[in-house]
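Pasting coords32.cif here (mmCIF, C-alpha atoms):
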data_coords
loop_
_atom_site.label_atom_id
_atom_site.label_comp_id
_atom_site.auth_asym_id
_atom_site.auth_seq_id
_atom_site.Cartn_x
_atom_site.Cartn_y
_atom_site.Cartn_z
CA MET A 1 30.88 -10.21 13.96
CA THR A 2 28.20 -12.85 14.41
CA ILE A 3 24.52 -12.62 13.66
CA ALA A 4 23.88 -12.08 17.38
CA ASP A 5 26.45 -9.27 17.47
CA CYS A 6 24.82 -7.50 14.52
CA LEU A 7 21.33 -7.83 15.98
CA LEU A 8 22.47 -6.37 19.30
CA SER A 9 24.46 -3.53 17.74
CA GLY A 10 21.74 -2.59 15.29
CA ASN A 11 19.04 -2.69 17.94
CA GLU A 12 21.02 -0.40 20.25
CA LYS A 13 21.52 2.15 17.46
CA LEU A 14 17.85 2.25 16.48
CA ILE A 15 16.72 2.51 20.10
CA ALA A 16 19.11 5.43 20.63
CA ALA A 17 17.61 7.13 17.57
CA GLY A 18 14.08 6.74 18.94
CA ILE A 19 12.87 4.49 16.13
CA ASP A 20 9.77 2.38 16.78
CA ASN A 21 9.94 -1.43 16.55
CA PRO A 22 13.75 -1.53 16.41
CA ARG A 23 14.06 -5.30 16.88
CA LEU A 24 11.80 -6.07 13.93
CA ASP A 25 13.53 -3.54 11.71
CA VAL A 26 16.98 -4.90 12.56
CA ARG A 27 15.90 -8.48 11.85
CA LEU A 28 14.45 -7.56 8.48
CA LEU A 29 17.52 -5.56 7.48
CA LEU A 30 20.03 -8.17 8.60
CA ALA A 31 18.13 -10.97 6.87
CA GLU A 32 18.18 -8.92 3.67
CA ALA A 33 21.89 -8.12 4.06
CA ILE A 34 22.81 -11.81 4.28
CA SER A 35 20.13 -13.02 1.81
CA LYS A 36 18.35 -15.24 4.33
CA GLU A 37 14.90 -15.51 5.86
CA THR A 38 14.45 -13.93 9.29
CA SER A 39 13.96 -17.42 10.78
CA TYR A 40 17.59 -18.17 9.89
CA LEU A 41 18.74 -15.48 12.32
CA PHE A 42 17.18 -17.29 15.28
CA GLY A 43 18.58 -20.66 14.25
CA TYR A 44 22.18 -19.55 13.73
CA PRO A 45 22.99 -16.64 16.08
CA GLU A 46 26.62 -17.73 16.31
CA LYS A 47 27.15 -17.59 12.53
CA VAL A 48 30.14 -15.36 11.70
CA LEU A 49 29.36 -12.98 8.86
CA SER A 50 31.62 -11.93 6.02
CA ASN A 51 32.95 -8.39 5.75
CA GLU A 52 30.72 -7.84 2.73
CA GLU A 53 27.62 -8.91 4.66
CA ILE A 54 28.53 -6.68 7.60
CA ASP A 55 29.13 -3.73 5.29
CA ARG A 56 25.73 -4.21 3.61
CA PHE A 57 24.07 -4.36 7.00
CA ARG A 58 25.78 -1.20 8.21
CA VAL A 59 24.71 0.70 5.10
CA MET A 60 21.11 -0.40 5.70
CA ILE A 61 21.21 0.56 9.37
CA ASN A 62 22.56 3.99 8.47
CA LYS A 63 19.69 4.48 6.03
CA ARG A 64 17.19 3.51 8.72
CA LEU A 65 18.83 5.96 11.13
CA LYS A 66 17.98 8.64 8.56
CA ARG A 67 14.35 7.44 8.91
CA GLU A 68 14.19 5.73 5.53
CA PRO A 69 11.49 3.04 5.88
CA VAL A 70 12.63 -0.58 5.91
CA SER A 71 10.39 -1.25 2.91
CA LYS A 72 12.17 1.38 0.84
CA ILE A 73 15.58 0.08 1.94
CA ILE A 74 14.89 -3.53 0.98
CA GLY A 75 12.59 -2.59 -1.92
CA ARG A 76 9.49 -4.55 -0.96
CA LYS A 77 6.53 -4.65 1.41
CA GLU A 78 4.04 -7.37 2.29
CA PHE A 79 0.34 -6.70 1.73
CA TRP A 80 -2.48 -9.24 1.93
CA SER A 81 0.23 -11.93 2.42
CA LEU A 82 1.72 -11.00 -0.97
CA ASN A 83 5.11 -9.42 -1.60
CA PHE A 84 5.10 -6.12 -3.50
CA LYS A 85 8.03 -4.22 -4.90
CA VAL A 86 8.04 -0.61 -3.74
CA SER A 87 10.02 2.47 -4.70
CA ARG A 88 10.15 6.16 -3.92
CA ASP A 89 7.62 6.60 -6.72
CA THR A 90 4.97 4.58 -4.89
CA LEU A 91 3.09 4.82 -1.64
CA ASP A 92 3.99 1.99 0.72
CA PRO A 93 1.16 -0.56 1.03
CA ARG A 94 -0.20 -0.26 4.57
CA PRO A 95 -2.12 -2.72 6.76
CA ASP A 96 -5.01 -0.24 7.12
CA SER A 97 -5.63 -0.53 3.36
CA GLU A 98 -6.33 -4.25 3.72
CA THR A 99 -9.66 -3.10 5.17
CA LEU A 100 -10.71 -2.24 1.59
CA ILE A 101 -10.01 -5.78 0.41
CA GLU A 102 -12.04 -7.16 3.32
CA ALA A 103 -14.92 -4.82 2.45
CA VAL A 104 -15.01 -6.04 -1.15
CA LEU A 105 -14.93 -9.70 -0.12
CA GLU A 106 -17.77 -9.11 2.32
CA GLY A 107 -19.79 -7.41 -0.42
CA VAL A 108 -19.30 -10.05 -3.13
CA SER A 109 -20.34 -13.52 -2.04
CA ASP A 110 -19.17 -15.42 -5.14
CA THR A 111 -15.45 -15.00 -5.82
CA THR A 112 -15.67 -17.19 -8.95
CA GLN A 113 -17.52 -14.52 -10.93
CA PRO A 114 -15.78 -13.12 -14.04
CA ILE A 115 -15.99 -9.57 -12.75
CA LYS A 116 -14.17 -6.44 -13.92
CA ILE A 117 -12.18 -4.47 -11.34
CA LEU A 118 -10.89 -0.92 -11.73
CA ASP A 119 -8.22 0.50 -9.41
CA LEU A 120 -7.87 4.29 -9.44
CA GLY A 121 -4.46 5.56 -8.35
CA THR A 122 -3.03 2.06 -8.40
CA GLY A 123 0.52 2.84 -7.18
CA THR A 124 2.19 -0.51 -6.50
CA GLY A 125 -0.98 -2.26 -7.70
CA CYS A 126 -1.45 -3.77 -4.24
CA LEU A 127 -5.24 -3.29 -4.01
CA LEU A 128 -5.97 -4.52 -7.51
CA LEU A 129 -3.56 -7.45 -7.42
CA ALA A 130 -4.74 -8.54 -3.97
CA LEU A 131 -8.30 -8.63 -5.31
CA LEU A 132 -7.27 -10.56 -8.42
CA SER A 133 -5.59 -13.11 -6.15
CA GLU A 134 -8.99 -13.67 -4.53
CA PHE A 135 -11.18 -13.48 -7.67
CA ASP A 136 -9.71 -16.13 -9.95
CA ALA A 137 -11.82 -15.25 -13.00
CA ALA A 138 -11.64 -11.47 -12.66
CA GLN A 139 -9.96 -9.00 -15.00
CA GLY A 140 -8.48 -5.74 -13.79
CA LEU A 141 -7.29 -2.32 -14.91
CA GLY A 142 -5.04 -0.06 -12.85
CA ILE A 143 -4.91 3.68 -13.50
CA ASP A 144 -2.20 6.03 -12.25
CA ILE A 145 -0.97 9.46 -13.23
CA SER A 146 2.66 8.40 -12.62
CA ASP A 147 4.43 6.37 -15.31
CA LYS A 148 7.07 5.33 -12.77
CA ALA A 149 4.42 3.96 -10.43
CA LEU A 150 2.81 2.09 -13.32
CA ALA A 151 6.14 0.42 -14.08
CA VAL A 152 6.31 -0.82 -10.49
CA ALA A 153 2.73 -2.11 -10.66
CA LYS A 154 3.41 -3.97 -13.90
CA GLY A 155 6.45 -5.61 -12.33
CA ASN A 156 4.40 -6.69 -9.33
CA ALA A 157 1.73 -8.20 -11.57
CA THR A 158 4.39 -10.23 -13.34
CA SER A 159 6.09 -11.43 -10.17
CA LEU A 160 2.75 -12.50 -8.70
CA GLY A 161 1.74 -14.37 -11.86
CA LEU A 162 -1.24 -12.10 -12.53
CA SER A 163 -0.12 -10.20 -15.61
CA SER A 164 -2.44 -12.14 -17.93
CA ARG A 165 -5.50 -10.78 -16.12
CA VAL A 166 -4.51 -7.17 -15.59
CA SER A 167 -3.46 -4.11 -17.53
CA PHE A 168 -2.23 -0.69 -16.46
CA GLN A 169 -2.46 2.69 -18.11
CA ALA A 170 -1.76 6.33 -17.38
CA GLY A 171 -4.76 8.47 -16.62
CA ASN A 172 -6.45 11.01 -14.37
CA TRP A 173 -9.05 9.09 -12.38
CA CYS A 174 -11.91 7.96 -14.66
CA GLU A 175 -11.32 10.35 -17.55
CA GLY A 176 -11.75 8.56 -20.87
CA LEU A 177 -12.84 5.24 -19.33
CA GLU A 178 -15.92 3.39 -20.54
CA SER A 179 -18.66 1.94 -18.35
CA GLY A 180 -18.77 -1.70 -17.32
CA TRP A 181 -17.02 -2.03 -13.96
CA ASP A 182 -18.27 -4.31 -11.21
CA ILE A 183 -15.83 -3.09 -8.56
CA ILE A 184 -14.01 0.22 -8.42
CA ILE A 185 -11.46 0.56 -5.65
CA SER A 186 -9.24 3.48 -4.77
CA ASN A 187 -6.81 4.82 -2.18
CA PRO A 188 -6.50 8.42 -3.39
CA PRO A 189 -4.41 11.21 -1.83
CA TYR A 190 -6.33 12.47 1.21
CA ILE A 191 -3.92 14.34 3.48
CA GLY A 192 -4.41 18.07 3.67
CA PHE A 193 -1.38 20.24 2.96
CA ASP A 194 -1.69 21.80 6.42
CA GLU A 195 -1.05 18.35 7.95
CA LYS A 196 2.42 17.99 6.45
CA LYS A 197 4.29 18.87 9.61
CA ALA A 198 2.49 16.17 11.59
CA LEU A 199 3.68 13.34 9.33
CA ALA A 200 6.45 10.96 10.33
CA PRO A 201 9.72 11.46 8.42
CA GLU A 202 9.30 7.96 6.96
CA VAL A 203 6.19 9.17 5.16
CA LEU A 204 6.97 12.81 4.48
CA ASN A 205 10.48 12.24 3.11
CA TYR A 206 10.11 8.90 1.34
CA ASP A 207 6.55 8.60 -0.02
CA PRO A 208 5.65 10.65 -3.12
CA ASP A 209 3.73 13.87 -2.47
CA LEU A 210 1.54 13.04 -5.46
CA ALA A 211 0.13 10.03 -3.60
CA LEU A 212 -0.26 11.79 -0.24
CA PHE A 213 -1.65 15.30 -0.48
CA ALA A 214 -4.89 16.78 -1.77
CA GLU A 215 -6.44 20.23 -1.68
CA ASN A 216 -9.64 21.18 0.16
CA ASN A 217 -8.36 19.66 3.42
CA GLY A 218 -7.66 16.37 1.66
CA MET A 219 -11.08 16.08 0.00
CA ARG A 220 -10.34 17.32 -3.52
CA ASP A 221 -9.65 13.96 -5.17
CA TYR A 222 -12.73 12.38 -3.57
CA GLN A 223 -14.77 15.23 -5.02
CA MET A 224 -13.37 14.49 -8.47
CA LEU A 225 -13.36 10.72 -8.66
CA ILE A 226 -16.57 9.72 -6.86
CA PRO A 227 -19.01 11.29 -9.38
CA GLN A 228 -16.91 9.93 -12.24
CA ALA A 229 -16.80 6.42 -10.78
CA ALA A 230 -20.54 6.36 -10.14
CA VAL A 231 -21.20 6.92 -13.85
CA ILE A 232 -19.09 3.99 -15.07
CA LEU A 233 -20.11 1.45 -12.41
CA ASN A 234 -22.36 -1.40 -13.50
CA GLU A 235 -25.75 -1.69 -11.83
CA GLY A 236 -25.14 -3.44 -8.52
CA GLY A 237 -21.47 -2.55 -8.70
CA MET A 238 -19.41 -1.45 -5.68
CA LEU A 239 -17.23 1.61 -5.14
CA VAL A 240 -14.82 1.13 -2.23
CA ILE A 241 -12.61 4.05 -1.24
CA GLU A 242 -10.07 4.51 1.53
CA ALA A 243 -10.85 7.30 3.98
CA GLY A 244 -8.54 9.29 6.19
CA GLN A 245 -9.43 9.88 9.82
CA GLY A 246 -12.57 11.99 10.10
CA GLN A 247 -13.34 11.90 6.36
CA ALA A 248 -15.87 9.06 6.14
CA ASP A 249 -18.95 11.24 6.58
CA GLY A 250 -17.84 13.61 3.83
CA ILE A 251 -17.08 10.72 1.48
CA ASN A 252 -20.45 9.10 2.18
CA ALA A 253 -22.18 12.40 1.39
CA LEU A 254 -20.34 12.58 -1.94
CA MET A 255 -21.37 9.00 -2.74
CA THR A 256 -25.00 9.77 -1.90
CA ASP A 257 -24.93 12.89 -4.06
CA ALA A 258 -23.59 10.73 -6.90
CA GLY A 259 -26.60 8.42 -6.62
CA LEU A 260 -24.93 5.54 -4.81
CA VAL A 261 -26.44 3.60 -1.93
CA VAL A 262 -24.06 3.96 0.99
CA SER A 263 -23.21 1.26 3.54
CA THR A 264 -21.68 1.71 6.98
CA PRO A 265 -17.93 2.24 6.51
CA LYS A 266 -15.72 -0.66 7.55
CA LYS A 267 -13.33 0.15 10.37
CA ASP A 268 -9.65 -0.76 10.41
CA LEU A 269 -7.96 -2.48 13.34
CA GLY A 270 -7.50 0.88 15.02
CA GLY A 271 -11.25 1.51 14.99
CA ILE A 272 -11.09 4.22 12.31
CA PRO A 273 -13.74 4.12 9.54
CA ARG A 274 -11.35 3.24 6.70
CA ALA A 275 -13.31 1.71 3.82
CA CYS A 276 -16.24 3.76 2.48
CA ILE A 277 -18.66 1.67 0.44
CA GLY A 278 -21.20 2.74 -2.15
CA ARG A 279 -23.28 0.55 -4.42
CA LYS A 280 -25.08 1.43 -7.63
CA SER A 281 -28.76 0.54 -7.53
CA ILE A 282 -30.06 -2.14 -9.86
#

Produce structure tokens that represent the structure in this file.
Amino acid sequence: MTIADCLLSGNEKLIAAGIDNPRLDVRLLLAEAISKETSYLFGYPEKVLSNEEIDRFRVMINKRLKREPVSKIIGRKEFWSLNFKVSRDTLDPRPDSETLIEAVLEGVSDTTQPIKILDLGTGTGCLLLALLSEFDAAQGLGIDISDKALAVAKGNATSLGLSSRVSFQAGNWCEGLESGWDIIISNPPYIGFDEKKALAPEVLNYDPDLALFAENNGMRDYQMLIPQAAVILNEGGMLVIEAGQGQADGINALMTDAGLVVSTPKKDLGGIPRACIGRKSI
């Protein structure tokens, strides 16, 4: 089989299974199977593949047919133009979460400042490491309750050349942390348990429940971490938190109750208020 044959066959199978964006998925999987960039596929469609390459591709296609996300199959996902290792112990970095990075950059005019950044529920480390890639003199700490997620985050810091400016530790939100943070960022669990059935299989079956679901209709972790974060923020410091659909008003109320000055939430590309922003008064 040639590259063109594999692309056609794989695309037909994913279309028949009702999977969105089949062409993109097939390109990513085939490029991974033959250890090439996706651009190679367009340049050499007539290339005949080895039996080993075809077998690897078929295994990957079969996993995708079972609704395993491409990121979990190939073990990585791009976020903020950086490559992050992912696993079943971590939430996949999502484009909507880049809205939080944009919100921080809009709120801090000087990216050369030696600021301290805290990431609560760090997962892959994507939020914290993306910020460190923008703030060259910053130091960061990532907190997560999952040791397996922390191992993934540490590996990502190393692969991105940021390990000298970041550390990771197990913890439950801000418990035991001292004051002194200029930016606190977080994408906590915010899906209510009653919403489980509405989730796509790619999320429900392959992302960790610990990173997805929260009690009180998804608000429980906001209720815990926002008051804690407000205490340890520096004066003038920012708290930026990801919101689920319809949750921004509730999050802003929690920030106000915690003594923070709230800004208008930043919307994602879909028009949903995604990044809630609170600042500690000077």

Which residues of region 83-190 of chain A sit at most 12 Å from region 263-279 of chain A, using all atoms listed in the file? Give each one's shortest atom pair and distance in Å (one decimal place), in chain and ascending residue order, as a Markdown table.
| residue | atom | partner | partner_atom | distance |
| --- | --- | --- | --- | --- |
| A:Arg94 | CA | A:Asp268 | CA | 11.1 |
| A:Pro95 | CA | A:Asp268 | CA | 8.6 |
| A:Asp96 | CA | A:Asp268 | CA | 5.7 |
| A:Ser97 | CA | A:Arg274 | CA | 7.6 |
| A:Glu98 | CA | A:Asp268 | CA | 8.2 |
| A:Thr99 | CA | A:Asp268 | CA | 5.7 |
| A:Leu100 | CA | A:Ala275 | CA | 5.2 |
| A:Ile101 | CA | A:Ala275 | CA | 8.9 |
| A:Glu102 | CA | A:Lys266 | CA | 8.6 |
| A:Ala103 | CA | A:Lys266 | CA | 6.6 |
| A:Val104 | CA | A:Ile277 | CA | 8.7 |
| A:Leu105 | CA | A:Lys266 | CA | 11.9 |
| A:Glu106 | CA | A:Lys266 | CA | 10.1 |
| A:Gly107 | CA | A:Ile277 | CA | 9.2 |
| A:Val108 | CA | A:Arg279 | CA | 11.4 |
| A:Trp181 | CA | A:Arg279 | CA | 11.7 |
| A:Asp182 | CA | A:Arg279 | CA | 9.7 |
| A:Ile183 | CA | A:Arg279 | CA | 9.3 |
| A:Ile184 | CA | A:Gly278 | CA | 9.9 |
| A:Ile185 | CA | A:Ile277 | CA | 9.5 |
| A:Ser186 | CA | A:Ala275 | CA | 9.7 |
| A:Asn187 | CA | A:Ala275 | CA | 9.4 |
| A:Pro188 | CA | A:Ala275 | CA | 12.0 |
| A:Tyr190 | CA | A:Arg274 | CA | 11.9 |

File dump, residues just selected, C-alpha atoms, as a short mmCIF file (atom, residue, chain, number, x, y, z; two decimals), keeping the file's coordinate frame:
data_model
loop_
_atom_site.label_atom_id
_atom_site.label_comp_id
_atom_site.auth_asym_id
_atom_site.auth_seq_id
_atom_site.Cartn_x
_atom_site.Cartn_y
_atom_site.Cartn_z
CA ARG A 94 -0.20 -0.26 4.57
CA PRO A 95 -2.12 -2.72 6.76
CA ASP A 96 -5.01 -0.24 7.12
CA SER A 97 -5.63 -0.53 3.36
CA GLU A 98 -6.33 -4.25 3.72
CA THR A 99 -9.66 -3.10 5.17
CA LEU A 100 -10.71 -2.24 1.59
CA ILE A 101 -10.01 -5.78 0.41
CA GLU A 102 -12.04 -7.16 3.32
CA ALA A 103 -14.92 -4.82 2.45
CA VAL A 104 -15.01 -6.04 -1.15
CA LEU A 105 -14.93 -9.70 -0.12
CA GLU A 106 -17.77 -9.11 2.32
CA GLY A 107 -19.79 -7.41 -0.42
CA VAL A 108 -19.30 -10.05 -3.13
CA TRP A 181 -17.02 -2.03 -13.96
CA ASP A 182 -18.27 -4.31 -11.21
CA ILE A 183 -15.83 -3.09 -8.56
CA ILE A 184 -14.01 0.22 -8.42
CA ILE A 185 -11.46 0.56 -5.65
CA SER A 186 -9.24 3.48 -4.77
CA ASN A 187 -6.81 4.82 -2.18
CA PRO A 188 -6.50 8.42 -3.39
CA TYR A 190 -6.33 12.47 1.21
#

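Note that CA of Gly10 (chain A) and CA of Pro93 (chain A) are 25.1 Å apart.
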
Show me, as a PDB file with C-alpha atoms, in the frame of the given file, the residues that have an atom within 10 Å of Ile115 (chain A) when counting only C-alpha atoms, minus same-chain residues fewer than 2 positions from it.
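So result08.pdb came out as:
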ATOM      1  CA  THR A 111     -15.450 -15.000  -5.820  1.00  0.00           C
ATOM      2  CA  THR A 112     -15.670 -17.190  -8.950  1.00  0.00           C
ATOM      3  CA  GLN A 113     -17.520 -14.520 -10.930  1.00  0.00           C
ATOM      4  CA  ILE A 117     -12.180  -4.470 -11.340  1.00  0.00           C
ATOM      5  CA  LEU A 132      -7.270 -10.560  -8.420  1.00  0.00           C
ATOM      6  CA  PHE A 135     -11.180 -13.480  -7.670  1.00  0.00           C
ATOM      7  CA  ASP A 136      -9.710 -16.130  -9.950  1.00  0.00           C
ATOM      8  CA  ALA A 137     -11.820 -15.250 -13.000  1.00  0.00           C
ATOM      9  CA  ALA A 138     -11.640 -11.470 -12.660  1.00  0.00           C
ATOM     10  CA  GLN A 139      -9.960  -9.000 -15.000  1.00  0.00           C
ATOM     11  CA  GLY A 140      -8.480  -5.740 -13.790  1.00  0.00           C
ATOM     12  CA  GLY A 180     -18.770  -1.700 -17.320  1.00  0.00           C
ATOM     13  CA  TRP A 181     -17.020  -2.030 -13.960  1.00  0.00           C
ATOM     14  CA  ASP A 182     -18.270  -4.310 -11.210  1.00  0.00           C
ATOM     15  CA  ILE A 183     -15.830  -3.090  -8.560  1.00  0.00           C
ATOM     16  CA  GLY A 237     -21.470  -2.550  -8.700  1.00  0.00           C
TER      17      GLY A 237
END

Nearby residues (all atoms listed in the file) at most 9 Å from region 67-82 of chain A, same-chain spacing under 3 positions excluded, as a compact mmCIF listing (two decimals) with C-alpha atoms, keeping the file's coordinate frame:
# COMPACT_ATOMS: atom_id res chain seq x y z
CA ILE A 19 12.87 4.49 16.13
CA ASP A 25 13.53 -3.54 11.71
CA LEU A 28 14.45 -7.56 8.48
CA LEU A 29 17.52 -5.56 7.48
CA GLU A 32 18.18 -8.92 3.67
CA ALA A 33 21.89 -8.12 4.06
CA MET A 60 21.11 -0.40 5.70
CA ASN A 62 22.56 3.99 8.47
CA LYS A 63 19.69 4.48 6.03
CA ARG A 64 17.19 3.51 8.72
CA LYS A 85 8.03 -4.22 -4.90
CA VAL A 86 8.04 -0.61 -3.74
CA SER A 87 10.02 2.47 -4.70
CA ARG A 88 10.15 6.16 -3.92
CA ASP A 92 3.99 1.99 0.72
CA PRO A 93 1.16 -0.56 1.03
CA ARG A 94 -0.20 -0.26 4.57
CA PRO A 95 -2.12 -2.72 6.76
CA SER A 97 -5.63 -0.53 3.36
CA GLU A 98 -6.33 -4.25 3.72
CA ILE A 101 -10.01 -5.78 0.41
CA CYS A 126 -1.45 -3.77 -4.24
CA LEU A 127 -5.24 -3.29 -4.01
CA ALA A 130 -4.74 -8.54 -3.97
CA LEU A 160 2.75 -12.50 -8.70
CA ALA A 200 6.45 10.96 10.33
CA PRO A 201 9.72 11.46 8.42
CA GLU A 202 9.30 7.96 6.96
CA VAL A 203 6.19 9.17 5.16
CA ASN A 205 10.48 12.24 3.11
CA TYR A 206 10.11 8.90 1.34

Run through the PyMOL selection byres ((chain A and resi 142) around 9) on the given coordinates and return the selected residues as number ranges by chain.
A: 117-123, 125, 128, 140-141, 143-144, 150, 153, 166-170

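Computed from the coordinates, the CA of Glu52 (chain A) to CA of Leu7 (chain A) distance equals 16.2 Å.
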
I'd like the interatomic distance between CA of Ala258 (chain A) and CA of Asn216 (chain A), to a tenth of an Å.
18.8 Å

Could you check the closest approach to Leu30 (chain A) for each of A:Ile15, A:Leu212, A:Val48, A:Ile3 and tell me which residue wins, using all atoms listed in the file?
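Of A:Ile15, A:Leu212, A:Val48, A:Ile3, the one nearest Leu30 (chain A) is A:Ile3, counting all atoms listed in the file.
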
Pick from A:Leu225, A:Leu65, A:Met219, A:Ala230: nearest to Ala248 (chain A), with only C-alpha atoms counted?
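Of the candidates, the smallest distance to Ala248 (chain A) is held by A:Met219.
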
Identify, on the basis of all atoms listed in the file, every residue whose closest approach to Ser163 (chain A) does not exceed 8 Å; exclude the query and any residue fewer than 5 positions from it along the same chain; express the result as a PyMOL selection string.
chain A and resi 154+157-158

Which residue, A:Ser133, A:Ser281, A:Gln245, A:Ser164, has the smallest gap to Val231 (chain A) when you use all atoms listed in the file?
A:Ser281
